[in-house]
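Q: Enclosed is the structure file input_18.cif (mmCIF, C-alpha atoms).
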data_target
#
loop_
_atom_site.label_atom_id
_atom_site.label_comp_id
_atom_site.auth_asym_id
_atom_site.auth_seq_id
_atom_site.Cartn_x
_atom_site.Cartn_y
_atom_site.Cartn_z
CA MET A 1 0.00 0.00 0.00
CA LYS A 2 1.39 3.35 -1.06
CA MET A 3 1.22 6.15 1.44
CA PRO A 4 0.71 9.64 0.05
CA ILE A 5 3.25 12.22 1.12
CA SER A 6 2.05 15.74 1.68
CA TYR A 7 4.14 18.85 2.10
CA ALA A 8 3.57 22.16 3.78
CA PRO A 9 3.95 25.31 1.64
CA PHE A 10 7.63 25.60 2.64
CA GLY A 11 8.44 21.95 1.90
CA SER A 12 8.36 20.33 5.32
CA SER A 13 6.70 16.93 5.64
CA SER A 14 5.58 14.66 8.45
CA LEU A 15 7.08 11.69 6.60
CA ALA A 16 10.81 11.77 5.90
CA ALA A 17 11.32 11.34 2.18
CA ALA A 18 14.94 10.39 2.86
CA ALA A 19 13.85 7.34 4.83
CA THR A 20 11.60 6.08 2.05
CA HIS A 21 13.83 7.20 -0.87
CA ALA A 22 10.73 8.84 -2.27
CA VAL A 23 10.74 11.81 -4.55
CA GLY A 24 10.48 14.83 -2.33
CA PHE A 25 9.48 18.47 -2.49
CA THR A 26 8.93 19.82 -6.06
CA GLY A 27 9.86 16.41 -7.43
CA GLN A 28 13.44 16.43 -6.16
CA ASN A 29 15.27 14.00 -3.91
CA LEU A 30 16.17 15.15 -0.42
CA ASP A 31 19.86 15.75 0.26
CA ARG A 32 20.36 13.91 3.57
CA VAL A 33 23.51 15.82 4.51
CA LEU A 34 22.22 19.31 3.80
CA GLN A 35 18.61 18.43 4.59
CA GLY A 36 17.51 20.34 1.52
CA TYR A 37 16.60 20.09 -2.13
CA HIS A 38 18.85 20.98 -5.07
CA LEU A 39 16.63 23.18 -7.22
CA GLY A 40 17.45 24.80 -10.53
CA ASN A 41 19.74 22.03 -11.80
CA GLY A 42 21.53 21.99 -8.49
CA THR A 43 22.55 25.64 -8.53
CA ARG A 44 20.93 26.44 -5.19
CA VAL A 45 19.96 24.28 -2.21
CA TYR A 46 16.57 24.94 -0.64
CA SER A 47 16.08 24.16 3.07
CA PRO A 48 12.50 23.47 4.28
CA CYS A 49 13.71 23.99 7.85
CA LEU A 50 15.14 27.46 7.14
CA MET A 51 12.33 28.13 4.64
CA ARG A 52 14.82 29.69 2.25
CA PHE A 53 17.77 28.91 -0.02
CA HIS A 54 21.25 28.48 1.42
CA SER A 55 22.60 31.01 -1.10
CA PRO A 56 21.14 34.05 -2.88
CA ASP A 57 20.35 34.34 -6.56
CA ALA A 58 23.63 35.20 -8.30
CA LEU A 59 21.76 37.49 -10.68
CA SER A 60 19.75 39.23 -7.99
CA PRO A 61 19.21 42.98 -8.47
CA PHE A 62 19.41 43.39 -4.69
CA LEU A 63 23.18 43.83 -4.34
CA ASN A 64 24.47 40.68 -2.62
CA GLY A 65 21.18 38.84 -2.92
CA GLY A 66 19.15 40.07 0.03
CA ILE A 67 15.59 38.82 -0.09
CA ASN A 68 16.32 36.71 -3.12
CA THR A 69 17.43 33.87 -0.87
CA TYR A 70 13.65 33.47 -0.49
CA ALA A 71 12.67 33.79 -4.18
CA TYR A 72 12.29 30.98 -6.70
CA CYS A 73 10.74 30.99 -10.18
CA LEU A 74 9.73 34.63 -9.69
CA ASN A 75 7.51 33.30 -6.88
CA ASP A 76 5.43 31.53 -9.53
CA PRO A 77 6.54 27.86 -9.71
CA VAL A 78 3.67 26.94 -12.05
CA ASN A 79 4.18 29.52 -14.80
CA GLY A 80 7.72 30.63 -14.02
CA GLN A 81 10.82 28.77 -15.16
CA ASP A 82 14.06 28.55 -13.24
CA PRO A 83 16.17 26.00 -15.16
CA THR A 84 19.50 27.33 -13.88
CA GLY A 85 18.48 28.28 -10.36
CA ARG A 86 18.53 31.95 -11.26
CA ALA A 87 15.62 34.31 -11.70
CA PRO A 88 14.55 33.91 -15.36
CA PHE A 89 13.47 37.51 -15.87
CA PHE A 90 16.75 39.04 -14.80
CA ASN A 91 18.70 36.25 -16.49
CA ASN A 92 17.03 36.97 -19.83
CA VAL A 93 17.49 40.71 -19.48
CA PHE A 94 21.14 40.22 -18.54
CA LYS A 95 21.81 37.93 -21.51
CA ALA A 96 20.03 40.29 -23.89
CA GLY A 97 22.03 43.22 -22.58
CA ILE A 98 25.32 41.35 -23.01
CA GLN A 99 24.40 40.38 -26.57
CA ARG A 100 23.54 43.99 -27.45
CA PHE A 101 26.83 45.19 -25.96
CA GLN A 102 28.84 42.56 -27.86
CA GLN A 103 27.13 43.43 -31.13
CA ALA A 104 27.68 47.15 -30.57
CA TYR A 105 31.34 46.64 -29.65
CA LYS A 106 31.95 44.53 -32.77
CA ARG A 107 30.32 47.27 -34.81
CA LEU A 108 32.43 50.01 -33.23
CA ALA A 109 35.78 48.28 -33.02
CA VAL A 110 36.04 46.65 -36.45
CA PRO A 111 39.77 46.58 -37.26
CA ARG A 112 41.07 48.12 -40.46
CA ASN A 113 43.43 46.26 -42.74
CA ASP A 114 45.67 49.31 -43.12
CA GLY A 115 46.53 49.40 -39.41
CA LEU A 116 44.68 52.66 -38.79
CA LEU A 117 42.16 53.11 -35.99
CA ASN A 118 38.50 53.85 -36.65
CA ASN A 119 36.85 56.83 -35.00
CA ASN A 120 33.58 55.19 -33.94
CA GLN A 121 32.05 58.57 -33.05
CA SER A 122 32.99 60.44 -36.22
CA ARG A 123 29.51 61.97 -36.43
CA HIS A 124 30.43 64.20 -33.49
CA LEU A 125 33.78 65.34 -34.87
CA GLY A 126 32.51 68.76 -35.99
CA GLU A 127 31.25 69.67 -32.52
CA GLU A 128 34.32 68.18 -30.87
CA MET A 129 36.66 70.19 -33.09
CA MET A 130 34.79 73.40 -32.26
CA PHE A 131 35.15 72.65 -28.54
CA ALA A 132 38.85 71.80 -28.95
CA LYS A 133 39.63 75.04 -30.78
CA GLN A 134 37.75 77.09 -28.20
CA SER A 135 39.53 75.30 -25.34
CA VAL A 136 42.99 75.83 -26.81
CA LYS A 137 42.21 79.47 -27.58
CA ALA A 138 40.99 80.03 -24.01
CA ALA A 139 44.15 78.30 -22.70
CA THR A 140 42.15 75.82 -20.61
CA VAL A 141 43.70 73.10 -22.77
CA GLU A 142 47.23 73.07 -24.14
CA TYR A 143 48.13 71.48 -27.46
CA ARG A 144 51.66 70.18 -27.96
CA VAL A 145 53.62 68.33 -30.63
CA ILE A 146 56.19 66.11 -28.90
CA GLN A 147 59.35 65.95 -31.00
CA SER A 148 62.02 65.66 -28.32
CA SER A 149 62.62 64.53 -24.76
CA ASN A 150 62.34 68.17 -23.75
CA GLY A 151 58.84 68.32 -25.19
CA LEU A 152 57.84 65.36 -23.06
CA ALA A 153 59.53 66.87 -20.01
CA GLN A 154 57.23 69.89 -20.33
CA LEU A 155 54.21 67.74 -19.52
CA GLU A 156 53.34 68.48 -15.91
CA SER A 157 52.72 65.47 -13.68
CA SER A 158 49.81 67.28 -12.00
CA LYS A 159 47.84 67.51 -15.26
CA VAL A 160 45.98 65.03 -17.46
CA HIS A 161 47.51 64.31 -20.87
CA LYS A 162 45.83 62.67 -23.85
CA PHE A 163 48.00 61.57 -26.75
CA VAL A 164 47.50 60.51 -30.35
CA PHE A 165 50.17 58.97 -32.57
CA THR A 166 49.62 59.29 -36.30
CA ALA A 167 50.69 57.22 -39.28
CA GLU A 168 53.19 60.00 -40.04
CA HIS A 169 54.89 59.22 -36.69
CA LYS A 170 53.66 62.45 -35.19
CA LEU A 171 53.02 62.41 -31.43
CA VAL A 172 50.60 65.09 -30.25
CA ALA A 173 49.03 65.73 -26.87
CA PHE A 174 46.28 67.70 -25.18
CA SER A 175 46.92 68.72 -21.56
CA ALA A 176 44.36 69.99 -19.05
CA SER A 177 43.87 70.31 -15.31
CA ASN A 178 41.29 67.48 -15.36
CA ASP A 179 39.70 65.04 -17.78
CA ASP A 180 36.26 66.66 -17.63
CA ILE A 181 37.35 69.64 -19.75
CA MET A 182 39.53 67.63 -22.11
CA PRO A 183 38.63 67.43 -25.84
CA SER A 184 38.37 63.99 -27.41
CA HIS A 185 41.14 61.87 -28.90
CA ALA A 186 39.46 62.23 -32.29
CA ALA A 187 39.61 66.02 -32.03
CA LEU A 188 43.28 65.76 -31.05
CA GLY A 189 44.03 63.64 -34.10
CA GLU A 190 42.21 66.09 -36.35
CA PHE A 191 43.85 69.04 -34.59
CA SER A 192 47.24 67.67 -35.56
CA GLY A 193 46.47 68.33 -39.22
CA LEU A 194 47.82 71.36 -41.05
CA GLY A 195 45.77 74.45 -40.30
CA HIS A 196 44.81 73.32 -36.80
CA GLY A 197 41.26 72.24 -37.38
CA THR A 198 41.06 71.72 -41.11
CA LYS A 199 40.73 68.21 -42.48
CA GLY A 200 44.07 66.85 -41.38
CA LEU A 201 45.37 63.66 -39.84
CA GLY A 202 42.26 62.69 -37.93
CA GLU A 203 41.69 59.67 -40.15
CA LYS A 204 45.30 58.46 -39.82
CA VAL A 205 45.54 57.65 -36.12
CA ILE A 206 47.44 54.46 -35.27
CA SER A 207 47.56 54.80 -31.47
CA ALA A 208 45.78 56.77 -28.77
CA GLY A 209 45.60 56.89 -25.01
CA TYR A 210 46.93 58.76 -22.00
CA ILE A 211 50.41 59.80 -20.91
CA LYS A 212 50.98 59.76 -17.17
CA LYS A 213 53.97 61.05 -15.22
CA ASP A 214 54.73 60.54 -11.57
CA GLY A 215 56.74 62.69 -9.19
CA ALA A 216 59.98 61.15 -10.43
CA ASP A 217 59.02 62.05 -14.02
CA LEU A 218 58.64 58.40 -15.00
CA VAL A 219 56.49 58.09 -18.13
CA TYR A 220 53.54 55.69 -18.38
CA LEU A 221 51.34 55.04 -21.41
CA ASP A 222 47.89 53.47 -21.49
CA HIS A 223 45.56 52.71 -24.40
CA TYR A 224 42.27 54.14 -23.10
CA SER A 225 40.26 55.89 -25.83
CA GLY A 226 36.52 55.57 -26.26
CA HIS A 227 36.64 57.00 -29.77
CA PHE A 228 39.34 54.69 -31.17
CA GLN A 229 39.33 51.71 -28.77
CA PRO A 230 42.95 50.72 -29.45
CA GLY A 231 44.40 47.48 -28.17
CA PHE A 232 47.39 47.20 -25.87
CA GLU A 233 49.60 46.31 -28.83
CA HIS A 234 49.01 49.75 -30.34
CA LEU A 235 51.22 51.20 -27.61
CA TYR A 236 54.38 49.49 -28.86
CA VAL A 237 54.93 51.93 -31.71
CA VAL A 238 54.61 54.89 -29.32
CA GLN A 239 57.04 53.31 -26.89
CA GLU A 240 59.53 52.81 -29.73
CA TYR A 241 59.11 56.42 -30.80
CA LEU A 242 59.78 57.68 -27.26
CA ALA A 243 62.82 55.41 -27.06
CA SER A 244 64.16 57.07 -30.21
CA LEU A 245 63.91 60.37 -28.29
CA GLY A 246 65.86 58.87 -25.41
CA VAL A 247 62.78 58.50 -23.19
CA ARG A 248 62.01 55.24 -21.41
CA SER A 249 58.34 54.47 -20.80
CA LYS A 250 56.21 51.80 -19.18
CA LEU A 251 53.00 50.46 -20.71
CA ILE A 252 49.78 49.97 -18.78
CA ARG A 253 47.39 47.26 -19.95
CA LEU A 254 43.74 48.12 -19.34
CA GLY A 255 41.09 45.49 -18.67
CA ILE A 256 38.71 46.35 -21.52
#
In structure tokens, what does this structure look like?

A:
Amino acid sequence: MKMPISYAPFGSSSLAAAATHAVGFTGQNLDRVLQGYHLGNGTRVYSPCLMRFHSPDALSPFLNGGINTYAYCLNDPVNGQDPTGRAPFFNNVFKAGIQRFQQAYKRLAVPRNDGLLNNNQSRHLGEEMMFAKQSVKAATVEYRVIQSSNGLAQLESSKVHKFVFTAEHKLVAFSASNDDIMPSHAALGEFSGLGHGTKGLGEKVISAGYIKKDGADLVYLDHYSGHFQPGFEHLYVVQEYLASLGVRSKLIRLGI
């Protein structure tokens, strides 16, 4: 004679499923050691005694999980699905967001066969050039062509310095008191052209990033540029150019 096993809303039962090897709460077998059920393909263990999961939802929007240690299937086990043990709504949104980001990044950072960098925000170049010219004229931003070690020595360690290196092996920099008032790398590349603002070398950028100097005047280069998105390897040519000027530099790899 088969005895029916009933469960309270939180999974507790008067008859131990472990003793009878019966299928337990929500159709899962009871873990005798943890005294709980592995839900969501074993991602999280639910305890009827604690009336919650042992761990929070890894994709919870509530910081470190918070109340999501109590949530399962969006609190709708009949219509909701939780195949991985994570809230399906936020999981789907997260995956969709990642896919959109990856597609956008591939669109923006398509490499060119000629070794040049693409300006992925070229539609804003006109406005950016106007801002750059106004900033240089007002002396809030300084423009410099670095052709010697002395030119690099003039960069103050207390300021922020953006650089662009062109296919013509021309190293140019914008310097300002802070990054908030700094024109873009694309404007700097265009500014390096003859006529300071006419159509110049903006389409021939092969490296871009920031120059940093510490109190001992050590030179550091990174490859951060939202407009050009250069890789770490694009810094090598700049480092070689500085070496030809007698300047030693260290490269900083960014996690992007």

Q: Applying 6 Å and all atoms listed in the file, which residues near stretch 140-149 of chain A remain after dropping the ones on its own chain fewer than 2 positions away? List them as a list in words.

A: Ser135, Val136, Ala138, Gly151, Leu152, Leu171, Val172, Ala173, Phe174, Ser175, Ala176 and Leu245 of chain A

Q: Record the distance separating atom CA of A:Leu251 and atom CA of A:Ser122, expressed in Å with one decimal.

A: 27.2 Å

Q: So how many Å separate atom CA of A:Ala187 and atom CA of A:Met129, to one decimal?

A: 5.2 Å

Q: What would the selection look like, as number ranges by chain, if the PyMOL selection byres ((chain A and resi 215-226) around 8) were run on the coordinates I just shared?

A: A: 153, 157, 185, 207-214, 227-232, 234-235, 248-254

Q: Just give me the gap between atom CA of A:Ala167 and atom CA of A:Phe131 in Å, one decimal is fine.

A: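 Interatomic distance, atom CA of A:Ala167 to atom CA of A:Phe131: 24.4 Å.
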
Q: Nearest to A:Lys133 among A:Gly246, A:Glu240, A:Phe53, A:Ser184, with distances taken over all atoms listed in the file: which residue is it?

A: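 Among the listed residues, A:Ser184 lies closest to A:Lys133.
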
Q: From the set A:Leu30, A:Ala186, A:Pro48, A:Leu155, which residue has the shortest atom-to-atom contact distance to A:Ala8, counting only C-alpha atoms?

A: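 Using only C-alpha atoms, the shortest distance to A:Ala8 belongs to A:Pro48.
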
Q: Nearest to A:Asp179 among A:Cys49, A:Ala132, A:Lys159, A:Val33, with distances taken over only C-alpha atoms: which residue is it?

A: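 With only C-alpha atoms as the atom set, the closest residue is A:Lys159.
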
Q: Of the candidates A:Asn119, A:Asn178, A:Gln154, A:Gln239, which one gets nearest to A:Lys204 if we count all atoms listed in the file?

A: A:Asn119
